[in-house]
>>> print(open('data_12.csv').read())   # CSV, C-alpha atoms and all ligand atoms
chain,number,residue,atom,x,y,z
A,16,MET,CA,4.1,-1.3,14.9
A,17,ASN,CA,1.1,-2.2,17.1
A,18,GLN,CA,-0.2,1.1,18.3
A,19,ARG,CA,-3.4,2.0,16.4
A,20,LEU,CA,-4.0,5.7,16.1
A,21,PHE,CA,-6.9,8.1,16.0
A,22,ILE,CA,-5.8,10.8,13.6
A,23,VAL,CA,-7.9,13.9,12.9
A,24,PHE,CA,-7.7,16.3,9.9
A,25,GLU,CA,-9.0,19.9,10.4
A,26,GLY,CA,-9.2,23.0,8.3
A,27,ILE,CA,-11.6,25.3,6.6
A,28,ASP,CA,-13.7,24.0,3.7
A,29,SER,CA,-11.7,22.7,0.7
A,30,SER,CA,-8.4,22.7,2.6
A,31,GLY,CA,-7.6,19.3,1.3
A,32,LYS,CA,-8.6,17.2,4.3
A,33,THR,CA,-10.3,14.4,2.3
A,34,THR,CA,-7.5,14.2,-0.2
A,35,GLN,CA,-4.8,13.9,2.5
A,36,ALA,CA,-6.9,11.5,4.6
A,37,GLU,CA,-7.2,9.2,1.5
A,38,LEU,CA,-3.4,9.5,0.8
A,39,LEU,CA,-2.6,8.6,4.4
A,40,LYS,CA,-5.1,5.7,4.5
A,41,ASN,CA,-3.6,4.3,1.3
A,42,SER,CA,0.0,4.6,2.5
A,43,LEU,CA,-0.9,2.8,5.8
A,44,ILE,CA,-2.6,0.1,3.9
A,45,ALA,CA,0.4,-0.2,1.6
A,46,ASN,CA,2.4,-0.8,4.7
A,47,GLN,CA,0.2,-3.8,5.7
A,48,GLN,CA,-1.8,-1.9,8.3
A,49,GLN,CA,-5.5,-1.6,8.5
A,50,ALA,CA,-6.8,2.0,8.2
A,51,VAL,CA,-10.2,3.5,7.7
A,52,ILE,CA,-11.6,7.0,7.1
A,53,SER,CA,-14.5,7.9,9.4
A,54,PRO,CA,-15.7,11.5,8.8
A,55,GLU,CA,-17.7,14.0,10.9
A,56,PRO,CA,-20.5,14.7,10.4
A,57,SER,CA,-20.6,10.9,10.5
A,58,ASN,CA,-22.2,8.5,8.2
A,59,GLY,CA,-24.7,7.5,11.0
A,60,ILE,CA,-28.2,8.7,11.5
A,61,ILE,CA,-27.4,11.9,13.3
A,62,GLY,CA,-24.7,12.7,10.8
A,63,ASN,CA,-27.2,12.4,8.0
A,64,LEU,CA,-29.6,14.7,9.7
A,65,ILE,CA,-26.8,17.3,10.1
A,66,ARG,CA,-26.0,17.0,6.3
A,67,GLN,CA,-29.7,17.8,5.5
A,68,ALA,CA,-29.6,20.8,7.8
A,69,LEU,CA,-26.3,22.0,6.2
A,70,LYS,CA,-28.1,21.9,2.8
A,71,LYS,CA,-31.1,23.8,4.3
A,72,ARG,CA,-33.3,20.7,3.7
A,73,ILE,CA,-34.2,20.9,7.4
A,74,ILE,CA,-34.6,24.2,9.3
A,75,PHE,CA,-34.9,23.8,13.1
A,76,SER,CA,-35.5,27.5,13.7
A,77,LYS,CA,-35.4,30.6,11.7
A,78,GLU,CA,-33.8,32.4,14.6
A,79,GLN,CA,-30.1,32.1,13.9
A,80,ASP,CA,-29.1,31.7,17.6
A,81,LEU,CA,-31.4,28.8,18.2
A,82,PHE,CA,-30.5,27.2,14.9
A,83,ASP,CA,-26.8,27.4,15.9
A,84,GLN,CA,-27.5,25.9,19.3
A,85,GLN,CA,-29.5,23.1,17.8
A,86,MET,CA,-26.6,22.4,15.4
A,87,ALA,CA,-24.1,22.4,18.3
A,88,TYR,CA,-26.2,19.8,20.2
A,89,LEU,CA,-26.5,17.6,17.0
A,90,PHE,CA,-22.8,17.8,16.3
A,91,ALA,CA,-22.0,16.7,19.9
A,92,ALA,CA,-24.6,13.9,19.7
A,93,ASP,CA,-23.2,12.8,16.4
A,94,ARG,CA,-19.6,12.8,17.9
A,95,HIS,CA,-20.7,10.6,20.7
A,96,ASP,CA,-22.2,8.1,18.3
A,97,HIS,CA,-19.1,8.4,16.0
A,98,LEU,CA,-16.7,7.6,18.9
A,99,TYR,CA,-18.6,5.0,20.9
A,100,ASN,CA,-21.2,3.1,18.7
A,101,ASP,CA,-20.5,-0.6,18.9
A,102,VAL,CA,-20.7,-1.3,15.1
A,103,ASP,CA,-18.3,1.1,13.5
A,104,GLY,CA,-17.4,3.6,16.3
A,105,VAL,CA,-13.8,4.9,16.4
A,106,PHE,CA,-12.9,3.0,19.5
A,107,LYS,CA,-14.5,-0.3,18.2
A,108,LEU,CA,-12.4,0.1,15.1
A,109,ILE,CA,-9.2,0.8,17.0
A,110,LYS,CA,-9.9,-2.3,19.2
A,111,ASP,CA,-10.2,-4.2,15.9
A,112,ASN,CA,-6.8,-3.1,14.9
A,113,TYR,CA,-7.6,-0.2,12.6
A,114,HIS,CA,-6.0,3.2,12.4
A,115,VAL,CA,-9.0,5.6,12.3
A,116,ILE,CA,-8.6,8.8,10.3
A,117,SER,CA,-11.4,11.4,10.9
A,118,THR,CA,-12.0,14.4,8.7
A,119,ARG,CA,-13.1,16.9,11.4
A,120,TYR,CA,-13.7,16.5,15.1
A,121,TYR,CA,-14.6,18.7,18.1
A,122,PHE,CA,-12.2,21.4,16.9
A,123,SER,CA,-14.7,22.0,14.0
A,124,SER,CA,-17.5,22.7,16.5
A,125,LEU,CA,-15.3,25.2,18.3
A,126,ALA,CA,-14.3,26.8,15.0
A,127,TYR,CA,-17.7,26.9,13.2
A,128,ASN,CA,-20.5,26.9,15.8
A,129,CYS,CA,-19.8,29.9,17.9
A,130,ASP,CA,-19.3,33.6,17.4
A,131,THR,CA,-19.1,35.0,21.0
A,132,VAL,CA,-17.1,34.0,24.0
A,133,GLU,CA,-20.3,32.9,25.7
A,134,GLN,CA,-21.1,30.6,22.8
A,135,PHE,CA,-17.5,29.3,22.8
A,136,ASN,CA,-17.8,28.3,26.4
A,137,PHE,CA,-21.1,26.6,25.7
A,138,ILE,CA,-19.6,24.5,22.9
A,139,GLN,CA,-16.5,23.7,25.0
A,140,LYS,CA,-18.8,22.4,27.7
A,141,LEU,CA,-20.7,20.3,25.3
A,142,ASN,CA,-17.5,18.7,24.0
A,143,ASP,CA,-15.3,18.6,27.1
A,144,ARG,CA,-15.6,14.9,27.7
A,145,PHE,CA,-14.5,13.8,24.3
A,146,PRO,CA,-10.9,12.5,24.3
A,147,ASN,CA,-8.1,14.2,22.3
A,148,PRO,CA,-6.9,12.4,19.2
A,149,ASP,CA,-3.4,10.9,19.0
A,150,LEU,CA,-2.6,13.4,16.3
A,151,THR,CA,-4.4,16.4,14.8
A,152,ILE,CA,-3.4,17.8,11.4
A,153,TYR,CA,-4.5,21.3,10.7
A,154,LEU,CA,-4.4,22.2,7.0
A,155,ASP,CA,-4.0,25.9,6.7
A,156,ILE,CA,-5.1,27.7,3.5
A,157,PRO,CA,-6.0,31.3,2.6
A,158,ILE,CA,-9.7,32.2,2.4
A,159,GLU,CA,-9.4,33.1,-1.2
A,160,VAL,CA,-8.1,29.6,-2.1
A,161,SER,CA,-11.0,28.0,-0.2
A,162,LEU,CA,-13.6,30.2,-1.9
A,163,ALA,CA,-12.0,29.5,-5.4
A,164,ARG,CA,-12.1,25.7,-4.7
A,165,LEU,CA,-15.7,25.9,-3.4
A,166,GLN,CA,-16.9,27.8,-6.5
A,167,GLU,CA,-16.1,24.7,-8.5
A,168,ARG,CA,-18.8,22.8,-6.6
A,169,SER,CA,-22.5,23.3,-7.6
A,170,LEU,CA,-24.2,23.3,-4.2
A,171,GLN,CA,-23.1,25.7,-1.4
A,172,GLU,CA,-23.6,24.7,2.2
A,173,ILE,CA,-24.6,27.1,4.9
A,174,TYR,CA,-21.2,27.8,6.3
A,175,GLU,CA,-19.5,28.3,3.0
A,176,THR,CA,-19.4,32.1,2.8
A,177,LYS,CA,-16.4,34.5,2.9
A,178,ALA,CA,-17.5,36.1,6.2
A,179,LYS,CA,-18.0,32.7,7.9
A,180,LEU,CA,-14.8,31.2,6.7
A,181,THR,CA,-12.8,34.2,7.7
A,182,LYS,CA,-14.2,33.9,11.2
A,183,VAL,CA,-13.6,30.1,11.2
A,184,LYS,CA,-10.0,30.5,10.2
A,185,GLU,CA,-9.4,33.0,13.1
A,186,GLN,CA,-11.0,30.6,15.5
A,187,TYR,CA,-8.9,27.7,14.3
A,188,GLN,CA,-5.7,29.8,14.9
A,189,GLN,CA,-6.8,30.5,18.4
A,190,ILE,CA,-7.8,27.0,19.2
A,191,PHE,CA,-4.5,25.4,18.0
A,192,THR,CA,-2.4,28.1,19.7
A,193,ALA,CA,-4.1,27.1,23.1
A,194,TYR,CA,-4.4,23.4,22.4
A,195,GLN,CA,-2.3,21.1,24.7
A,196,GLY,CA,-2.5,17.9,22.7
A,197,LYS,CA,-0.4,16.7,19.7
A,198,ALA,CA,-1.2,18.9,16.7
A,199,ILE,CA,0.7,20.1,13.6
A,200,ALA,CA,-0.2,22.9,11.2
A,201,ILE,CA,0.7,22.4,7.6
A,202,ASP,CA,0.5,24.9,4.7
A,203,GLY,CA,-2.3,23.4,2.6
A,204,THR,CA,-1.3,25.2,-0.5
A,205,GLN,CA,1.9,23.1,-0.9
A,206,ASP,CA,2.1,20.3,-3.4
A,207,GLN,CA,-0.2,17.3,-2.3
A,208,GLN,CA,2.7,14.8,-2.2
A,209,GLN,CA,4.9,17.2,-0.2
A,210,ILE,CA,2.1,17.6,2.4
A,211,HIS,CA,1.5,13.8,2.4
A,212,GLN,CA,5.2,13.2,3.1
A,213,THR,CA,5.2,15.6,6.1
A,214,ILE,CA,2.2,13.8,7.5
A,215,VAL,CA,3.7,10.3,7.0
A,216,ALA,CA,6.8,11.4,8.9
A,217,GLN,CA,4.7,12.7,11.8
A,218,VAL,CA,2.7,9.5,12.0
A,219,GLN,CA,5.8,7.4,11.9
A,220,ALA,CA,7.4,9.5,14.7
A,221,ILE,CA,4.4,8.9,16.9
A,222,THR,CA,4.2,5.1,16.3
A,223,LYS,CA,8.0,4.7,16.9
A,224,ALA,CA,8.1,6.9,20.0
B,301,LIG,P1,-17.4,18.8,5.5
B,301,LIG,O1,-17.3,20.0,4.5
B,301,LIG,O2,-16.1,18.5,6.1
B,301,LIG,O3,-18.2,17.6,5.0
B,301,LIG,O4,-18.2,19.4,6.8
B,301,LIG,C1,-19.5,19.8,6.6
B,301,LIG,C2,-19.7,21.2,7.3
B,301,LIG,O5,-20.0,20.9,8.7
B,301,LIG,C3,-18.5,22.1,7.3
B,301,LIG,O6,-19.0,23.4,6.8
B,301,LIG,C4,-18.1,22.3,8.8
B,301,LIG,C5,-19.4,21.9,9.5
B,301,LIG,N1,-19.2,21.4,10.9
B,301,LIG,C6,-19.5,22.2,11.9
B,301,LIG,O7,-20.1,23.3,11.8
B,301,LIG,N2,-19.3,21.7,13.2
B,301,LIG,C7,-18.8,20.5,13.5
B,301,LIG,O8,-18.6,20.1,14.6
B,301,LIG,C8,-18.4,19.7,12.3
B,301,LIG,C9,-17.8,18.3,12.5
B,301,LIG,C10,-18.6,20.2,11.0
>>> encode(input="data_12.csv", output="structure tokens")
Amino acid sequence: MNQRLFIVFEGIDSSGKTTQAELLKNSLIANQQQAVISPEPSNGIIGNLIRQALKKRIIFSKEQDLFDQQMAYLFAADRHDHLYNDVDGVFKLIKDNYHVISTRYYFSSLAYNCDTVEQFNFIQKLNDRFPNPDLTIYLDIPIEVSLARLQERSLQEIYETKAKLTKVKEQYQQIFTAYQGKAIAIDGTQDQQQIHQTIVAQVQAITKA
């Protein structure tokens, strides 16, 4: 199998993206293939700036609208860096023969960073030149499960509220209903290994196609 894939995990907070990304990476490596996890927000400079803002260590504007716009620009800038930087960008890694697994991508911007149709169109425009992944896996969990899992963490980030996550989940549903690329939705409340096996089967189907 020579084709190297760009695989994206999406879902509301605590839906199991990181766990499943790790399991997938390990199973690819066990099959003698190189694989790496590369998250968004990225581990680069802009990604770090975003993480500070998510923890309210940086406030760009007290006006919610302007703050949201600033975040949308930063996420898009971070995404460009994540995809195209020459050191550890997604496409550099794929060229170097790695499968690249990203927890979150532009779908997260569409799901999290807009409330109105006008804002959705703005975010879509900001992101419309980014290529679709080879496979997107949407892990679907109820809001209550997300909130219960989040409560186990000490620090809450700005988008981790019931109202926000309810809106985000609705947005995800709309986005993936309209999405033309290759995507699957998986019930994220299933057993971890069961979810993992479904994902492995999908990845194998693509690489054998
Ligand atoms: P994480 O919980 O996966 O580390 O992501 C951090 C937060 O960033 C999460 O609440 C979702 C948010 N986010 C956006 O709002 N827009 C984006 O484009 C991305 C990639 C993440």
>>> residues_near_ligand(input="data_12.csv", ligand="ligand LIG 301 (chain B)", cutoff="8 Å", atoms="all atoms listed in the file", output="number ranges by chain")
A: 27-29, 32, 54-56, 65-66, 69, 86-87, 90-91, 94, 118-128, 172-175
>>> atom_distance(input="data_12.csv", atom1="atom CA of A:Ala50", atom2="atom CA of A:His114")
4.4 Å
>>> closest_residue(input="data_12.csv", among="A:Leu150, A:Ala45, A:Val160, A:Ile214", to="A:Ser117", atoms="all atoms listed in the file")
A:Leu150
>>> atom_distance(input="data_12.csv", atom1="atom CA of A:Asn100", atom2="atom CA of A:Gly59")
9.5 Å
>>> atom_distance(input="data_12.csv", atom1="atom CA of A:Gly104", atom2="atom CA of A:Gly62")
12.9 Å
>>> closest_residue(input="data_12.csv", among="A:Glu78, A:Asp96, A:Glu185, A:Asp83", to="A:Asp155", atoms="only C-alpha atoms")
A:Glu185
>>> closest_atom_pairs(input="data_12.csv", of="stretch 98-177 of chain A", to="stretch 46-49 of chain A", cutoff="10 Å", atoms="all atoms listed in the file", output="tab-separated table")
residue	atom	partner	partner_atom	distance
A:Leu108	CA	A:Gln49	CA	9.7
A:Ile109	CA	A:Gln49	CA	9.6
A:Asp111	CA	A:Gln49	CA	9.1
A:Asn112	CA	A:Gln49	CA	6.7
A:Tyr113	CA	A:Gln49	CA	4.8
A:His114	CA	A:Gln49	CA	6.2
A:Val115	CA	A:Gln49	CA	8.9
>>> closest_residue(input="data_12.csv", among="A:Val218, A:Gln139, A:Ser161, A:Gln205", to="A:Ile190", atoms="all atoms listed in the file")
A:Gln139
>>> closest_residue(input="data_12.csv", among="A:Asp93, A:Glu167, A:Glu25, A:Asp101", to="A:Leu141", atoms="only C-alpha atoms")
A:Asp93
>>> residues_around(input="data_12.csv", residues="A:Thr131", least_positions_apart="6", cutoff="12 Å", atoms="only C-alpha atoms", output="PyMOL selection string")
chain A and resi 80+83+125+137-138+182+186
>>> residues_around(input="data_12.csv", residues="A:Leu38", least_positions_apart="2", cutoff="10 Å", atoms="only C-alpha atoms", output="list in words")
Lys32, Thr33, Thr34, Gln35, Ala36, Lys40, Asn41, Ser42, Leu43, Ile44, Gln207, Gln208, Ile210, His211, Gln212, Ile214 and Val215 of chain A
>>> closest_residue(input="data_12.csv", among="A:Leu39, A:Ala68, A:Leu89, A:Leu98", to="A:Ser53", atoms="only C-alpha atoms")
A:Leu98
>>> closest_residue(input="data_12.csv", among="A:Phe21, A:Phe82, A:Phe145, A:Phe135", to="A:Phe106", atoms="only C-alpha atoms")
A:Phe21
>>> decode(input="data_12.csv", residues="stretch 105-117 of chain A", atoms="all heavy atoms", output="short mmCIF file (atom, residue, chain, number, x, y, z; two decimals), in the first residue's frame")
data_model
loop_
_atom_site.label_atom_id
_atom_site.label_comp_id
_atom_site.auth_asym_id
_atom_site.auth_seq_id
_atom_site.Cartn_x
_atom_site.Cartn_y
_atom_site.Cartn_z
N VAL A 105 1.44 19.20 6.70
CA VAL A 105 0.75 17.96 6.29
C VAL A 105 1.30 17.45 4.96
O VAL A 105 1.62 16.26 4.82
CB VAL A 105 -0.78 18.22 6.18
CG1 VAL A 105 -1.49 17.04 5.53
CG2 VAL A 105 -1.37 18.54 7.54
N PHE A 106 1.45 18.35 3.99
CA PHE A 106 1.86 17.87 2.66
C PHE A 106 3.33 17.48 2.61
O PHE A 106 3.71 16.58 1.86
CB PHE A 106 1.46 18.87 1.58
CG PHE A 106 -0.03 18.88 1.41
CD1 PHE A 106 -0.79 19.97 1.83
CD2 PHE A 106 -0.70 17.77 0.92
CE1 PHE A 106 -2.18 19.95 1.74
CE2 PHE A 106 -2.08 17.74 0.83
CZ PHE A 106 -2.83 18.83 1.24
N LYS A 107 4.14 18.13 3.43
CA LYS A 107 5.55 17.72 3.55
C LYS A 107 5.61 16.30 4.12
O LYS A 107 6.35 15.44 3.63
CB LYS A 107 6.27 18.73 4.46
CG LYS A 107 7.59 18.27 5.02
CD LYS A 107 8.70 18.48 4.01
CE LYS A 107 10.09 18.36 4.61
NZ LYS A 107 10.58 17.00 4.74
N LEU A 108 4.81 16.04 5.15
CA LEU A 108 4.82 14.71 5.79
C LEU A 108 4.30 13.64 4.83
O LEU A 108 4.85 12.54 4.76
CB LEU A 108 3.97 14.75 7.07
CG LEU A 108 4.55 15.58 8.22
CD1 LEU A 108 3.52 15.79 9.32
CD2 LEU A 108 5.79 14.90 8.80
N ILE A 109 3.28 13.99 4.06
CA ILE A 109 2.75 13.01 3.11
C ILE A 109 3.81 12.69 2.04
O ILE A 109 4.02 11.54 1.69
CB ILE A 109 1.42 13.51 2.50
CG1 ILE A 109 0.33 13.36 3.57
CG2 ILE A 109 1.05 12.74 1.22
CD1 ILE A 109 -1.05 13.79 3.18
N LYS A 110 4.51 13.74 1.62
CA LYS A 110 5.60 13.54 0.64
C LYS A 110 6.68 12.63 1.24
O LYS A 110 7.30 11.83 0.54
CB LYS A 110 6.18 14.92 0.27
CG LYS A 110 6.98 14.91 -0.99
CD LYS A 110 7.15 16.32 -1.53
CE LYS A 110 8.58 16.57 -1.91
NZ LYS A 110 9.33 17.44 -1.01
N ASP A 111 6.89 12.76 2.54
CA ASP A 111 7.90 11.94 3.22
C ASP A 111 7.36 10.56 3.61
O ASP A 111 7.94 9.86 4.43
CB ASP A 111 8.41 12.65 4.49
CG ASP A 111 9.25 13.87 4.15
OD1 ASP A 111 9.64 14.01 2.97
OD2 ASP A 111 9.51 14.68 5.06
N ASN A 112 6.19 10.23 3.05
CA ASN A 112 5.66 8.88 3.21
C ASN A 112 4.93 8.59 4.54
O ASN A 112 4.89 7.45 4.98
CB ASN A 112 6.78 7.85 3.03
CG ASN A 112 6.36 6.77 2.08
OD1 ASN A 112 5.36 6.92 1.36
ND2 ASN A 112 7.07 5.66 2.10
N TYR A 113 4.39 9.63 5.13
CA TYR A 113 3.60 9.46 6.36
C TYR A 113 2.11 9.57 6.06
O TYR A 113 1.71 10.40 5.23
CB TYR A 113 3.92 10.57 7.38
CG TYR A 113 5.24 10.41 8.09
CD1 TYR A 113 6.41 10.91 7.52
CD2 TYR A 113 5.30 9.80 9.34
CE1 TYR A 113 7.63 10.77 8.18
CE2 TYR A 113 6.51 9.66 10.00
CZ TYR A 113 7.67 10.15 9.42
OH TYR A 113 8.86 10.02 10.08
N HIS A 114 1.33 8.77 6.77
CA HIS A 114 -0.10 9.07 6.85
C HIS A 114 -0.23 10.18 7.88
O HIS A 114 0.41 10.12 8.94
CB HIS A 114 -0.89 7.86 7.37
CG HIS A 114 -0.90 6.69 6.44
ND1 HIS A 114 -1.62 6.69 5.27
CD2 HIS A 114 -0.27 5.49 6.50
CE1 HIS A 114 -1.46 5.53 4.65
NE2 HIS A 114 -0.63 4.78 5.38
N VAL A 115 -1.05 11.18 7.59
CA VAL A 115 -1.21 12.28 8.55
C VAL A 115 -2.64 12.27 9.09
O VAL A 115 -3.61 12.31 8.32
CB VAL A 115 -0.89 13.64 7.91
CG1 VAL A 115 -1.03 14.76 8.95
CG2 VAL A 115 0.51 13.65 7.32
N ILE A 116 -2.73 12.20 10.41
CA ILE A 116 -4.03 12.14 11.08
C ILE A 116 -4.21 13.45 11.84
O ILE A 116 -3.43 13.76 12.74
CB ILE A 116 -4.08 10.96 12.06
CG1 ILE A 116 -3.76 9.65 11.33
CG2 ILE A 116 -5.44 10.89 12.76
CD1 ILE A 116 -3.43 8.49 12.27
N SER A 117 -5.22 14.20 11.47
CA SER A 117 -5.44 15.49 12.13
C SER A 117 -6.69 15.43 13.00
O SER A 117 -7.75 14.99 12.55
CB SER A 117 -5.58 16.60 11.09
OG SER A 117 -5.76 17.83 11.74
#
